[in-house]
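So this block is protein07.tsv, TSV, C-alpha atoms:
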chain	number	residue	atom	x	y	z
A	3	MET	CA	-9.27	-23.40	42.38
A	4	LEU	CA	-5.79	-22.17	41.78
A	5	ARG	CA	-4.48	-25.29	40.10
A	6	ALA	CA	-2.81	-23.65	37.21
A	7	LEU	CA	-0.79	-23.56	34.08
A	8	TYR	CA	0.69	-26.53	32.38
A	9	SER	CA	2.30	-29.81	33.38
A	10	PRO	CA	4.22	-30.18	36.65
A	11	PRO	CA	7.48	-28.32	36.28
A	12	LEU	CA	10.82	-30.03	36.32
A	13	ILE	CA	11.69	-28.08	39.41
A	14	GLN	CA	8.88	-29.86	41.29
A	15	LEU	CA	9.83	-33.25	39.92
A	16	LEU	CA	13.29	-32.70	41.30
A	17	GLY	CA	11.79	-32.01	44.67
A	18	TRP	CA	12.85	-28.38	44.78
A	19	ALA	CA	10.10	-26.68	46.70
A	20	ALA	CA	12.00	-24.81	49.34
A	21	MET	CA	10.23	-21.53	48.76
A	22	HIS	CA	10.36	-19.34	51.82
A	23	PRO	CA	7.29	-17.33	52.88
A	24	ASN	CA	9.50	-14.27	53.08
A	25	HIS	CA	10.66	-14.61	49.50
A	26	VAL	CA	9.59	-11.75	47.25
A	27	PRO	CA	8.79	-12.81	43.69
A	28	VAL	CA	10.20	-10.11	41.41
A	29	PRO	CA	8.84	-10.18	37.85
A	30	ASP	CA	11.26	-10.02	34.92
A	31	THR	CA	10.38	-6.71	33.33
A	32	ASP	CA	11.63	-7.93	29.94
A	33	TYR	CA	8.50	-10.02	29.64
A	34	ARG	CA	5.82	-8.37	27.52
A	35	LEU	CA	2.27	-8.96	28.60
A	36	GLU	CA	-1.00	-9.29	26.69
A	37	THR	CA	-4.25	-9.74	28.57
A	38	PHE	CA	-7.18	-11.64	27.09
A	39	GLY	CA	-10.03	-11.46	29.56
A	40	ASP	CA	-9.05	-13.78	32.43
A	41	GLU	CA	-6.03	-15.15	30.63
A	42	VAL	CA	-2.60	-13.70	30.00
A	43	LEU	CA	0.25	-14.34	27.61
A	44	LEU	CA	3.81	-13.41	28.52
A	45	TYR	CA	6.49	-13.15	25.89
A	46	HIS	CA	10.22	-12.80	26.41
A	47	PRO	CA	11.84	-11.35	23.26
A	48	ALA	CA	15.40	-12.33	24.11
A	49	HIS	CA	14.46	-15.92	24.86
A	50	THR	CA	11.67	-16.06	22.23
A	51	ARG	CA	9.57	-17.78	24.86
A	52	THR	CA	5.80	-17.49	25.24
A	53	VAL	CA	4.11	-18.41	28.51
A	54	TYR	CA	0.37	-18.96	28.88
A	55	LEU	CA	-1.29	-18.10	32.18
A	56	ASN	CA	-4.78	-19.25	32.96
A	57	HIS	CA	-7.08	-17.24	35.20
A	58	ALA	CA	-5.50	-18.43	38.45
A	59	ALA	CA	-1.92	-18.02	37.30
A	60	SER	CA	-2.61	-14.57	35.88
A	61	LEU	CA	-4.10	-13.57	39.23
A	62	ILE	CA	-0.89	-14.58	40.98
A	63	TRP	CA	1.20	-12.86	38.31
A	64	ARG	CA	-0.62	-9.59	38.96
A	65	LEU	CA	0.13	-9.89	42.65
A	66	CYS	CA	3.85	-10.25	41.96
A	67	ASP	CA	4.72	-6.56	42.12
A	68	GLY	CA	8.28	-6.97	43.39
A	69	THR	CA	7.34	-5.90	46.93
A	70	ARG	CA	4.83	-8.50	48.17
A	71	THR	CA	6.19	-11.61	49.82
A	72	VAL	CA	4.96	-15.10	49.06
A	73	ALA	CA	3.19	-15.07	52.44
A	74	GLU	CA	1.43	-11.83	51.61
A	75	ILE	CA	0.27	-13.15	48.25
A	76	ILE	CA	-1.09	-16.28	49.94
A	77	THR	CA	-2.89	-14.20	52.56
A	78	LEU	CA	-4.46	-11.94	49.93
A	79	LEU	CA	-5.75	-14.92	47.98
A	80	ARG	CA	-7.02	-16.69	51.11
A	81	ASP	CA	-9.00	-13.58	51.97
A	82	SER	CA	-10.45	-13.42	48.46
A	83	TYR	CA	-11.08	-17.16	48.06
A	84	PRO	CA	-11.82	-18.55	51.56
A	85	GLU	CA	-13.45	-21.63	50.03
A	86	SER	CA	-10.04	-22.65	48.63
A	87	ALA	CA	-8.02	-21.71	51.69
A	88	ASP	CA	-6.72	-25.26	52.24
A	89	THR	CA	-5.01	-25.51	48.88
A	90	ILE	CA	-3.99	-21.94	48.19
A	91	GLU	CA	-0.56	-22.15	49.77
A	92	SER	CA	0.57	-25.16	47.76
A	93	ASP	CA	-1.03	-23.82	44.60
A	94	VAL	CA	0.67	-20.45	44.90
A	95	GLU	CA	4.03	-22.09	45.51
A	96	SER	CA	3.50	-24.38	42.54
A	97	VAL	CA	2.67	-21.48	40.23
A	98	LEU	CA	5.54	-19.35	41.52
A	99	ASN	CA	7.94	-22.25	41.02
A	100	GLN	CA	6.75	-22.47	37.43
A	101	PHE	CA	7.21	-18.74	36.97
A	102	ALA	CA	10.72	-19.10	38.34
A	103	GLU	CA	11.42	-22.05	36.07
A	104	HIS	CA	10.50	-19.91	33.05
A	105	GLY	CA	12.53	-17.00	34.35
A	106	ALA	CA	9.37	-14.92	34.60
A	107	VAL	CA	10.16	-14.11	38.25
A	108	HIS	CA	13.15	-14.44	40.47
A	109	LEU	CA	12.77	-14.94	44.20
A	110	LYS	CA	14.64	-12.63	46.50
A	111	ARG	CA	14.76	-12.58	50.26
A	112	GLU	CA	12.76	-9.80	51.84
A	113	ALA	CA	15.07	-7.12	53.16
A	114	GLU	CA	15.66	-7.70	56.83
B	5	MET	CA	23.59	-21.07	-16.33
B	6	PRO	CA	19.77	-20.77	-16.36
B	7	ARG	CA	18.28	-18.68	-13.56
B	8	HIS	CA	14.77	-18.63	-12.15
B	9	ILE	CA	13.46	-15.88	-9.87
B	10	VAL	CA	11.02	-16.85	-7.09
B	11	THR	CA	9.16	-13.86	-5.65
B	12	PHE	CA	7.07	-14.10	-2.52
B	13	ALA	CA	5.98	-11.43	-0.07
B	14	LYS	CA	8.09	-8.76	-1.78
B	15	THR	CA	11.23	-10.88	-1.59
B	16	SER	CA	12.98	-12.39	-4.59
B	17	VAL	CA	15.32	-15.36	-4.47
B	18	ALA	CA	17.29	-16.51	-7.50
B	19	ILE	CA	17.79	-20.19	-8.27
B	20	GLU	CA	20.65	-20.96	-10.62
B	21	TYR	CA	20.80	-24.43	-12.11
B	22	PRO	CA	22.54	-26.35	-14.88
B	23	PRO	CA	20.70	-26.67	-18.19
B	24	GLY	CA	18.79	-29.88	-18.70
B	25	LYS	CA	16.30	-31.79	-16.62
B	26	ILE	CA	16.32	-29.43	-13.61
B	27	SER	CA	14.24	-26.95	-15.58
B	28	ALA	CA	11.26	-29.35	-15.46
B	29	LEU	CA	11.65	-29.57	-11.68
B	30	ILE	CA	11.76	-25.79	-11.37
B	31	GLU	CA	8.59	-25.56	-13.43
B	32	PHE	CA	6.90	-28.21	-11.28
B	33	LEU	CA	7.81	-26.60	-7.96
B	34	TYR	CA	7.36	-22.91	-8.73
B	35	ARG	CA	4.75	-22.79	-11.48
B	36	HIS	CA	2.23	-20.95	-9.30
B	37	ILE	CA	4.64	-18.57	-7.63
B	38	GLU	CA	5.33	-15.09	-8.93
B	39	SER	CA	8.62	-14.49	-10.73
B	40	ASN	CA	9.22	-10.75	-10.63
B	41	SER	CA	12.60	-9.56	-11.86
B	42	GLU	CA	11.81	-6.03	-10.69
B	43	VAL	CA	12.04	-7.07	-7.03
B	44	PRO	CA	15.74	-7.06	-6.10
B	45	VAL	CA	17.16	-10.53	-5.49
B	46	SER	CA	18.04	-10.91	-1.81
B	47	ASP	CA	19.61	-14.35	-2.00
B	48	THR	CA	20.80	-16.94	-4.51
B	49	ILE	CA	20.52	-20.70	-4.34
B	50	GLN	CA	22.67	-22.72	-6.72
B	51	ILE	CA	22.12	-26.25	-7.91
B	52	ILE	CA	25.35	-27.89	-8.94
B	53	HIS	CA	25.71	-31.26	-10.61
B	54	HIS	CA	28.70	-33.45	-9.77
B	55	ALA	CA	29.24	-36.40	-12.10
B	56	GLU	CA	32.07	-38.00	-10.08
B	57	PRO	CA	32.56	-40.17	-8.09
B	58	GLU	CA	28.79	-40.82	-8.10
B	59	PRO	CA	26.30	-38.56	-9.86
B	60	GLU	CA	25.05	-36.12	-7.25
B	61	TRP	CA	23.20	-32.84	-7.05
B	62	HIS	CA	24.20	-30.23	-4.51
B	63	ILE	CA	22.16	-27.31	-3.22
B	64	VAL	CA	24.64	-24.54	-2.49
B	65	ARG	CA	24.22	-21.16	-0.84
B	66	ARG	CA	27.07	-18.76	-0.24
B	67	ASP	CA	29.55	-21.48	-1.23
B	68	ILE	CA	28.20	-23.85	1.42
B	69	THR	CA	26.54	-27.09	0.44
B	70	ILE	CA	23.20	-27.26	2.21
B	71	ALA	CA	21.89	-30.55	0.84
B	72	ARG	CA	22.88	-33.34	-1.50
B	73	ALA	CA	20.67	-35.56	-3.62
B	74	SER	CA	21.34	-38.53	-5.83
B	75	SER	CA	18.47	-37.74	-8.19
B	76	VAL	CA	16.44	-34.79	-9.43
B	77	GLU	CA	13.43	-36.15	-7.53
B	78	GLU	CA	15.34	-36.25	-4.25
B	79	LEU	CA	16.42	-32.69	-4.87
B	80	ALA	CA	12.85	-31.38	-4.85
B	81	ALA	CA	12.06	-31.42	-1.12
B	82	PRO	CA	15.29	-29.80	0.15
B	83	LEU	CA	15.25	-27.25	-2.68
B	84	VAL	CA	11.77	-26.04	-1.91
B	85	GLU	CA	12.50	-26.01	1.84
B	86	GLU	CA	15.56	-23.86	1.27
B	87	THR	CA	13.60	-21.51	-0.98
B	88	LEU	CA	10.87	-21.16	1.62
B	89	GLN	CA	13.40	-20.29	4.28
B	90	ARG	CA	15.11	-17.70	2.09
B	91	VAL	CA	11.89	-15.88	1.23
B	92	ALA	CA	10.40	-16.09	4.72
B	93	GLU	CA	13.30	-14.88	6.82
B	94	PRO	CA	13.65	-11.33	5.49
B	95	HIS	CA	9.93	-10.62	5.61
B	96	ARG	CA	9.15	-7.61	7.81
B	97	ALA	CA	5.69	-6.40	6.87
B	98	GLY	CA	3.53	-9.21	8.22
B	99	LEU	CA	3.47	-12.33	10.35
B	100	ALA	CA	4.94	-15.31	8.49
B	101	PHE	CA	3.63	-18.58	9.84
B	102	HIS	CA	4.49	-22.21	9.37
B	103	ALA	CA	0.95	-22.77	8.11
B	104	ALA	CA	-1.23	-23.90	5.24
B	105	ALA	CA	-3.78	-21.50	3.79
B	106	LEU	CA	-7.02	-21.94	1.89
B	107	SER	CA	-9.81	-19.66	0.81
B	108	ARG	CA	-13.37	-19.60	-0.37
B	109	ARG	CA	-15.09	-16.49	-1.70
B	110	GLY	CA	-12.28	-14.32	-0.42
B	111	LEU	CA	-12.40	-15.65	3.15
B	112	GLY	CA	-9.19	-17.28	4.28
B	113	ILE	CA	-8.50	-20.22	6.57
B	114	LEU	CA	-5.12	-20.40	8.26
B	115	VAL	CA	-3.98	-23.93	9.19
B	116	PRO	CA	-0.86	-23.57	11.35
B	117	GLY	CA	1.11	-26.46	12.76
B	118	GLN	CA	4.44	-28.14	13.07
B	119	SER	CA	5.51	-30.91	10.71
B	120	GLY	CA	3.32	-33.97	11.11
B	121	ALA	CA	0.32	-32.11	12.53
B	122	GLY	CA	-1.71	-32.85	9.41
B	123	LYS	CA	-1.90	-29.39	7.87
B	124	SER	CA	-0.96	-30.51	4.35
B	125	SER	CA	-3.44	-33.36	4.52
B	126	LEU	CA	-6.20	-31.03	5.70
B	127	ALA	CA	-5.23	-28.56	2.96
B	128	ALA	CA	-5.45	-31.37	0.38
B	129	TRP	CA	-8.87	-32.42	1.65
B	130	LEU	CA	-10.26	-28.89	1.65
B	131	THR	CA	-8.83	-28.27	-1.82
B	132	ALA	CA	-10.50	-31.43	-3.11
B	133	HIS	CA	-13.76	-30.13	-1.60
B	134	GLY	CA	-13.81	-26.89	-3.52
B	135	PHE	CA	-11.58	-24.55	-1.54
B	136	ASN	CA	-8.86	-22.55	-3.21
B	137	TYR	CA	-5.42	-23.84	-2.33
B	138	LEU	CA	-3.02	-21.06	-1.40
B	139	GLY	CA	-0.19	-23.00	0.22
B	140	ASP	CA	0.65	-25.76	2.67
B	141	GLU	CA	3.78	-24.55	4.44
B	142	LEU	CA	4.37	-20.79	4.58
B	143	THR	CA	1.68	-18.14	4.94
B	144	VAL	CA	2.07	-14.44	5.56
B	145	VAL	CA	-0.73	-12.53	7.30
B	146	GLU	CA	-0.49	-8.78	6.78
B	147	PRO	CA	-1.64	-6.29	9.44
B	148	ASP	CA	-4.91	-5.82	7.49
B	149	ARG	CA	-5.41	-9.64	7.74
B	150	ASN	CA	-4.86	-10.22	4.04
B	151	MET	CA	-3.11	-13.52	3.47
B	152	ASP	CA	-0.47	-14.58	1.02
B	153	ALA	CA	0.91	-18.12	0.84
B	154	PHE	CA	3.72	-19.87	-0.95
B	155	THR	CA	1.86	-21.95	-3.52
B	156	ARG	CA	4.07	-24.98	-3.91
B	157	PRO	CA	2.68	-28.43	-4.77
B	158	ILE	CA	1.03	-30.05	-1.75
B	159	LYS	CA	3.57	-32.17	0.08
B	160	ILE	CA	2.27	-35.30	1.78
B	161	LYS	CA	4.27	-37.93	3.61
B	162	THR	CA	4.20	-41.27	1.79
B	163	SER	CA	2.52	-42.73	4.89
B	164	GLY	CA	-0.48	-40.56	3.99
B	165	VAL	CA	-0.80	-41.76	0.42
B	166	ALA	CA	-3.55	-44.26	1.25
B	167	ALA	CA	-5.75	-41.45	2.54
B	168	LEU	CA	-4.88	-39.36	-0.47
B	169	GLN	CA	-6.10	-42.16	-2.69
B	170	THR	CA	-9.63	-41.34	-1.50
B	171	LEU	CA	-9.24	-37.88	-3.08
B	172	ILE	CA	-7.55	-38.71	-6.39
B	173	ASP	CA	-6.59	-41.77	-8.36
B	174	ILE	CA	-2.88	-41.69	-7.68
B	175	ARG	CA	-2.02	-44.42	-10.16
B	176	ALA	CA	-3.83	-42.61	-12.96
B	177	HIS	CA	-1.95	-39.40	-12.21
B	178	GLN	CA	1.40	-40.98	-11.47
B	179	ALA	CA	3.18	-39.02	-14.19
B	180	ARG	CA	2.10	-35.70	-12.71
B	181	LEU	CA	3.18	-36.45	-9.15
B	182	LEU	CA	6.68	-36.27	-7.77
B	183	ARG	CA	8.08	-38.58	-5.13
B	184	SER	CA	10.90	-36.98	-3.20
B	185	GLY	CA	12.40	-38.89	-0.30
B	186	ALA	CA	9.60	-39.87	2.08
B	187	THR	CA	7.17	-37.42	0.55
B	188	ILE	CA	4.93	-37.13	-2.45
B	189	MET	CA	4.25	-33.75	-4.07
B	190	ILE	CA	0.90	-33.19	-5.72
B	191	PRO	CA	-0.04	-30.27	-7.97
B	192	HIS	CA	-3.11	-28.80	-6.27
B	193	LYS	CA	-4.91	-28.48	-9.61
B	194	LEU	CA	-5.19	-32.28	-9.65
B	195	LEU	CA	-7.40	-32.02	-6.56
B	196	ASN	CA	-9.33	-28.97	-7.67
B	197	PRO	CA	-8.88	-27.73	-11.26
B	198	GLN	CA	-10.92	-24.61	-10.39
B	199	SER	CA	-8.65	-23.57	-7.54
B	200	THR	CA	-7.45	-20.00	-7.99
B	201	ARG	CA	-4.83	-18.05	-6.10
B	202	GLU	CA	-7.20	-15.36	-4.89
B	203	SER	CA	-6.59	-12.60	-2.38
B	204	ALA	CA	-7.98	-13.83	0.93
B	205	PHE	CA	-8.97	-12.17	4.19
B	206	LEU	CA	-8.13	-14.22	7.27
B	207	SER	CA	-11.41	-15.40	8.82
B	208	LEU	CA	-10.67	-18.65	10.62
B	209	ILE	CA	-7.72	-20.42	12.25
B	210	VAL	CA	-7.69	-24.20	12.58
B	211	PHE	CA	-4.88	-26.08	14.31
B	212	PRO	CA	-5.00	-29.65	12.99
B	213	HIS	CA	-3.93	-32.62	15.09
B	214	TYR	CA	-4.01	-35.76	13.00
B	215	ARG	CA	-3.65	-39.09	14.76
B	216	ALA	CA	-4.64	-42.43	13.27
B	217	GLN	CA	-7.90	-43.65	14.83
B	218	ALA	CA	-8.47	-40.36	16.66
B	219	GLU	CA	-12.03	-39.28	17.22
B	220	LEU	CA	-13.22	-36.16	15.46
B	221	THR	CA	-13.32	-33.25	17.88
B	222	LEU	CA	-13.44	-29.54	17.26
B	223	THR	CA	-12.45	-27.44	20.27
B	224	PRO	CA	-12.75	-23.65	20.39
B	225	LEU	CA	-9.56	-22.00	21.57
B	226	SER	CA	-9.37	-18.90	23.68
B	227	ALA	CA	-7.47	-15.97	22.23
B	228	ALA	CA	-4.62	-16.53	24.70
B	229	LYS	CA	-4.25	-20.20	23.79
B	230	THR	CA	-4.42	-19.29	20.11
B	231	GLY	CA	-1.69	-16.72	20.64
B	232	LEU	CA	0.48	-19.26	22.42
B	233	ALA	CA	0.10	-21.78	19.60
B	234	LEU	CA	0.62	-19.17	16.88
B	235	MET	CA	3.82	-17.82	18.40
B	236	GLU	CA	5.23	-21.35	18.12
B	237	CYS	CA	4.54	-21.26	14.37
B	238	LEU	CA	5.88	-17.76	13.70
B	239	VAL	CA	8.96	-17.96	11.47
B	240	ASN	CA	10.03	-14.32	11.07
B	241	ALA	CA	9.72	-13.11	14.68
B	242	ARG	CA	13.21	-11.63	14.82
B	243	ASN	CA	12.40	-9.21	11.97
B	244	LEU	CA	9.28	-7.81	13.59
B	245	ALA	CA	8.69	-5.08	16.14
B	246	GLY	CA	8.36	-6.75	19.55
B	247	HIS	CA	8.95	-10.07	17.77
B	248	GLY	CA	5.42	-9.86	16.38
B	249	PHE	CA	3.92	-10.60	19.80
B	250	GLY	CA	1.70	-7.51	19.82
B	251	ALA	CA	0.62	-8.03	16.21
B	252	ALA	CA	-0.20	-11.68	16.89
B	253	ALA	CA	-2.17	-10.68	19.99
B	254	THR	CA	-4.21	-8.22	17.94
B	255	MET	CA	-4.88	-10.85	15.30
B	256	VAL	CA	-6.06	-13.55	17.70
B	257	ARG	CA	-8.57	-11.15	19.26
B	258	GLU	CA	-10.20	-10.72	15.86
B	259	VAL	CA	-10.30	-14.25	14.48
B	260	SER	CA	-11.99	-17.40	15.74
B	261	ALA	CA	-9.67	-20.34	16.30
B	262	PHE	CA	-10.21	-24.04	16.85
B	263	ARG	CA	-8.24	-27.18	17.50
B	264	LEU	CA	-9.27	-29.97	15.16
B	265	ASP	CA	-8.47	-33.55	16.15
B	266	TYR	CA	-9.13	-36.06	13.42
B	267	GLY	CA	-8.18	-39.57	12.43
B	268	GLY	CA	-9.22	-39.77	8.78
B	269	PHE	CA	-10.67	-37.87	5.86
B	270	GLU	CA	-14.04	-39.63	6.14
B	271	GLN	CA	-14.64	-37.89	9.49
B	272	LEU	CA	-14.17	-34.47	7.95
B	273	GLU	CA	-17.23	-34.77	5.69
B	274	ALA	CA	-19.45	-33.77	8.61
B	275	LEU	CA	-17.48	-30.54	9.01
B	276	LEU	CA	-17.70	-29.36	5.42
B	277	PRO	CA	-20.67	-27.00	6.03
B	278	TRP	CA	-18.84	-25.59	9.05
B	279	PHE	CA	-15.71	-24.89	7.01
B	280	ARG	CA	-17.84	-23.18	4.37
B	281	ARG	CA	-19.39	-20.83	6.92
B	282	PRO	CA	-16.69	-19.65	9.33
B	283	PRO	CA	-18.14	-18.88	12.77
B	284	PRO	CA	-18.43	-15.25	13.87
B	285	VAL	CA	-15.61	-13.77	15.88
B	286	PRO	CA	-16.28	-14.12	19.60
B	287	PRO	CA	-15.69	-11.07	21.78
B	288	GLN	CA	-12.21	-11.22	23.32
B	289	GLY	CA	-10.72	-9.24	26.11
Any chance you could give the structure as C-alpha cells?
Amino acid sequence: MLRALYSPPLIQLLGWAAMHPNHVPVPDTDYRLETFGDEVLLYHPAHTRTVYLNHAASLIWRLCDGTRTVAEIITLLRDSYPESADTIESDVESVLNQFAEHGAVHLKREAE
Amino acid sequence: MPRHIVTFAKTSVAIEYPPGKISALIEFLYRHIESNSEVPVSDTIQIIHHAEPEPEWHIVRRDITIARASSVEELAAPLVEETLQRVAEPHRAGLAFHAAALSRRGLGILVPGQSGAGKSSLAAWLTAHGFNYLGDELTVVEPDRNMDAFTRPIKIKTSGVAALQTLIDIRAHQARLLRSGATIMIPHKLLNPQSTRESAFLSLIVFPHYRAQAELTLTPLSAAKTGLALMECLVNARNLAGHGFGAAATMVREVSAFRLDYGGFEQLEALLPWFRRPPPVPPQG
C-alpha cells in the first residue's frame, strides 16, 4: 500500500538502510508545498528541485512534524492501515530514505 | 553595421551583423517576430565575420565568442538559440517554458518537453492539420493564461525529415528550407499558409514522448505530475516570485494535461478530433 515515489534511491542501492526507530525525521522548512488532492509537490527554491509525492508518500510527509520518531510514524500508519501492517515498516523507511536523499528531511536522534 | 531588433515578451535584443548575406538569414529566422524599437534593448548579440585563416562567423556577446560557424547556414541554429536565451531570461511577468505552442480559435495548446521529446515534430504535424503555429521552443504563459511564443521557423532534426516528407514535399520546397548542422528549419507557412499568430488562451497541455515504433497512448496526468514535469521545463524560474512554483501550481489546477506517446505521424490522425476539442478541466485539489 505504501510503496511510493519514484525509482529505488541510490541510498538503498548502496545498502544504506540503517535508519533507527528512534530517529526523528525533521522536514526542511525551505521546501514549499503544494497539495493536489492526495498528491503533493515539494519545491526547494535554493536547489531548484521539485519532488513529487504520491498519496502514500504525502501521508508520511505529513506525519514528519519534527517531533515524531520513525517508530511512532510506523505505529500510526499500522493502526490506520492494519491490512498493510507487514510491509509498513519497510515502506516507511524506504520513503524516509528517499526524503533524506532529496534533503527534504534530515534524521536526528531523539533526545535522550 | 546593420542592426535588427527582436522583441519578445516585452524584451528587446539587438542583433548586429555585417552587411551582406546575413540579412537574408535574419529575415528567415525572425520574420514573424515583433521588432519594436520602443522597447529598450536589454542585450546585444554581434555576428562577426573573420576571413582569415579560414572564413568563419562568430556569435559574440559581451566580447565573448559564444559560437563559431563556417557558413551562414551553420550560424542559424546557434544564433536563434542565443536569441531565445537572451529574451527568455529577463522575463518576469509570466512562466516561460521550453515548449511549443499552437492554437485554434483562440484556444492554446502547450507542448512542453526537453530536446528530442518530439515537440517540434508534433507542432509541425498540428500546423499541417490546420492549427496556428505560435512557436516550437519558447512559450510564455501569463498569469491570465494568455500565451505568447517565439515564432521562429520550425526546427526538426534531420533524422525526422522522412516523417516530415509526409507533410510537405521537401524537394519541391528545398529553396525555402534551411539546413543548419543536424537540423532543418521550415517556415511554418509552408505547412499551413493560413496559420496566424493569434492571441491564445491556454486550454490544454500535452507532453510528447516520441519513440520510433512506439504505440500511440494518451495518458491523463494528475495536476501534481503535470506540475513536476512543467517545473523541469521552466526557463525563467529565478526571476519569478517563489521561482514560479506557486504560479505553476495554480496553472496546472486549471488546465488538463496529458502524456502523449507516439511513434509516427500516421498514428496521430486518430487524435485529430481530440486535439480540436480540448477536454474539460477536471476538478483538482
Original post:
Which residue, B:Gly250, B:Gly122, B:Pro282, B:Gly185, has the smallest gap to chain A when you use all atoms listed in the file?
Top reply: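 Answer, going by the shortest atom-to-atom distance: B:Gly250.
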Original post:
What gap, in Å, lies between CA of Thr48 (chain B) and CA of Ala18 (chain B)?
Top reply: 4.6 Å
Counting all atoms listed in the file, a student should be able to say which residues of chain A come within 10 Å of chain B; what is the right answer, written as a PDB file with C-alpha atoms, keeping the file's coordinate frame?
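To be explicit, this is the file written out as part07.pdb:
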ATOM      1  CA  ARG A  34       5.820  -8.370  27.520  1.00  0.00           C
ATOM      2  CA  LEU A  35       2.270  -8.960  28.600  1.00  0.00           C
ATOM      3  CA  GLU A  36      -1.000  -9.290  26.690  1.00  0.00           C
ATOM      4  CA  THR A  37      -4.250  -9.740  28.570  1.00  0.00           C
ATOM      5  CA  PHE A  38      -7.180 -11.640  27.090  1.00  0.00           C
ATOM      6  CA  GLY A  39     -10.030 -11.460  29.560  1.00  0.00           C
ATOM      7  CA  ASP A  40      -9.050 -13.780  32.430  1.00  0.00           C
ATOM      8  CA  GLU A  41      -6.030 -15.150  30.630  1.00  0.00           C
ATOM      9  CA  VAL A  42      -2.600 -13.700  30.000  1.00  0.00           C
ATOM     10  CA  LEU A  43       0.250 -14.340  27.610  1.00  0.00           C
ATOM     11  CA  LEU A  44       3.810 -13.410  28.520  1.00  0.00           C
ATOM     12  CA  TYR A  45       6.490 -13.150  25.890  1.00  0.00           C
ATOM     13  CA  HIS A  46      10.220 -12.800  26.410  1.00  0.00           C
ATOM     14  CA  PRO A  47      11.840 -11.350  23.260  1.00  0.00           C
ATOM     15  CA  ALA A  48      15.400 -12.330  24.110  1.00  0.00           C
ATOM     16  CA  THR A  50      11.670 -16.060  22.230  1.00  0.00           C
ATOM     17  CA  ARG A  51       9.570 -17.780  24.860  1.00  0.00           C
ATOM     18  CA  THR A  52       5.800 -17.490  25.240  1.00  0.00           C
ATOM     19  CA  VAL A  53       4.110 -18.410  28.510  1.00  0.00           C
ATOM     20  CA  TYR A  54       0.370 -18.960  28.880  1.00  0.00           C
ATOM     21  CA  LEU A  55      -1.290 -18.100  32.180  1.00  0.00           C
ATOM     22  CA  ASN A  56      -4.780 -19.250  32.960  1.00  0.00           C
TER      23      ASN A  56
END
May I have the residues within 8 Å of region 83-90 of chain B as an mmCIF file with C-alpha atoms, keeping the file's coordinate frame, using all atoms listed in the file and disregarding those fewer than 6 positions away in the same chain?
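File produced: around.cif:
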data_model
loop_
_atom_site.group_PDB
_atom_site.id
_atom_site.type_symbol
_atom_site.label_atom_id
_atom_site.label_comp_id
_atom_site.auth_asym_id
_atom_site.auth_seq_id
_atom_site.Cartn_x
_atom_site.Cartn_y
_atom_site.Cartn_z
ATOM 1 C CA VAL B 17 15.320 -15.360 -4.470
ATOM 2 C CA LEU B 33 7.810 -26.600 -7.960
ATOM 3 C CA ASP B 47 19.610 -14.350 -2.000
ATOM 4 C CA ILE B 49 20.520 -20.700 -4.340
ATOM 5 C CA ILE B 63 22.160 -27.310 -3.220
ATOM 6 C CA LEU B 142 4.370 -20.790 4.580
ATOM 7 C CA PHE B 154 3.720 -19.870 -0.950
#
Original post:
What is the distance, in Å and to one decimal place, between CA of Val94 (chain A) and CA of Val107 (chain A)?
Top reply: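 Rounded to one decimal, the two atoms are 13.2 Å apart.
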Subject >> Between CA of Trp278 (chain B) and CA of His133 (chain B) - distance in Å to one decimal >> reply: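 Atom-to-atom, CA of His133 (chain B) and CA of Trp278 (chain B) are spaced 12.6 Å apart.
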**OP:** Please provide as a PyMOL selection string all residues within 9 Å of Leu78 (chain A), with the sequence filter that same-chain residues fewer than 5 positions apart are discarded (counting all atoms listed in the file).
**Re:** chain A and resi 65+73+83
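Residue nearest Asn243 (chain B), chosen from B:Val64, B:Ile52, B:Leu99, B:Ile190 and counting only C-alpha atoms: B:Leu99.
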Original post:
Which neighbours of Ala153 (chain B) fall inside 6 Å, counting all atoms listed in the file, when residues of the same chain fewer than 5 positions from it are skipped, and could you give them as a PyMOL selection string?
Top reply: chain B and resi 138-139+142-143
Neighbours of point (12.1, -12.9, 45.8) within 12 Å, using only C-alpha atoms, written as a short mmCIF file (atom, residue, chain, number, x, y, z; two decimals) with C-alpha atoms, keeping the file's coordinate frame:
data_model
loop_
_atom_site.label_atom_id
_atom_site.label_comp_id
_atom_site.auth_asym_id
_atom_site.auth_seq_id
_atom_site.Cartn_x
_atom_site.Cartn_y
_atom_site.Cartn_z
CA MET A 21 10.23 -21.53 48.76
CA HIS A 22 10.36 -19.34 51.82
CA PRO A 23 7.29 -17.33 52.88
CA ASN A 24 9.50 -14.27 53.08
CA HIS A 25 10.66 -14.61 49.50
CA VAL A 26 9.59 -11.75 47.25
CA PRO A 27 8.79 -12.81 43.69
CA VAL A 28 10.20 -10.11 41.41
CA PRO A 29 8.84 -10.18 37.85
CA ASP A 30 11.26 -10.02 34.92
CA CYS A 66 3.85 -10.25 41.96
CA ASP A 67 4.72 -6.56 42.12
CA GLY A 68 8.28 -6.97 43.39
CA THR A 69 7.34 -5.90 46.93
CA ARG A 70 4.83 -8.50 48.17
CA THR A 71 6.19 -11.61 49.82
CA VAL A 72 4.96 -15.10 49.06
CA ALA A 73 3.19 -15.07 52.44
CA LEU A 98 5.54 -19.35 41.52
CA ASN A 99 7.94 -22.25 41.02
CA PHE A 101 7.21 -18.74 36.97
CA ALA A 102 10.72 -19.10 38.34
CA ALA A 106 9.37 -14.92 34.60
CA VAL A 107 10.16 -14.11 38.25
CA HIS A 108 13.15 -14.44 40.47
CA LEU A 109 12.77 -14.94 44.20
CA LYS A 110 14.64 -12.63 46.50
CA ARG A 111 14.76 -12.58 50.26
CA GLU A 112 12.76 -9.80 51.84
CA ALA A 113 15.07 -7.12 53.16
#
Subject >> Shell of 8 Å around Gln118 (chain B), all atoms listed in the file, local chain residues under 2 positions omitted, as an MDAnalysis selection string >> reply: chainID B and resid 102 116 120:121 237
**OP:** List the neighbours of Ala216 (chain B) out to 8 Å using only C-alpha atoms; skip same-chain residues closer than 2 positions along the sequence, and give me the result as a ChimeraX atom specification.
**Re:** /B:214,218,266-268
Grab the residues selected above and save them as a JSON list (two decimals), in the coordinates of the input with C-alpha atoms.
[["chain", "number", "residue", "atom", "x", "y", "z"],
["B", 214, "TYR", "CA", -4.01, -35.76, 13.00],
["B", 218, "ALA", "CA", -8.47, -40.36, 16.66],
["B", 266, "TYR", "CA", -9.13, -36.06, 13.42],
["B", 267, "GLY", "CA", -8.18, -39.57, 12.43],
["B", 268, "GLY", "CA", -9.22, -39.77, 8.78]]
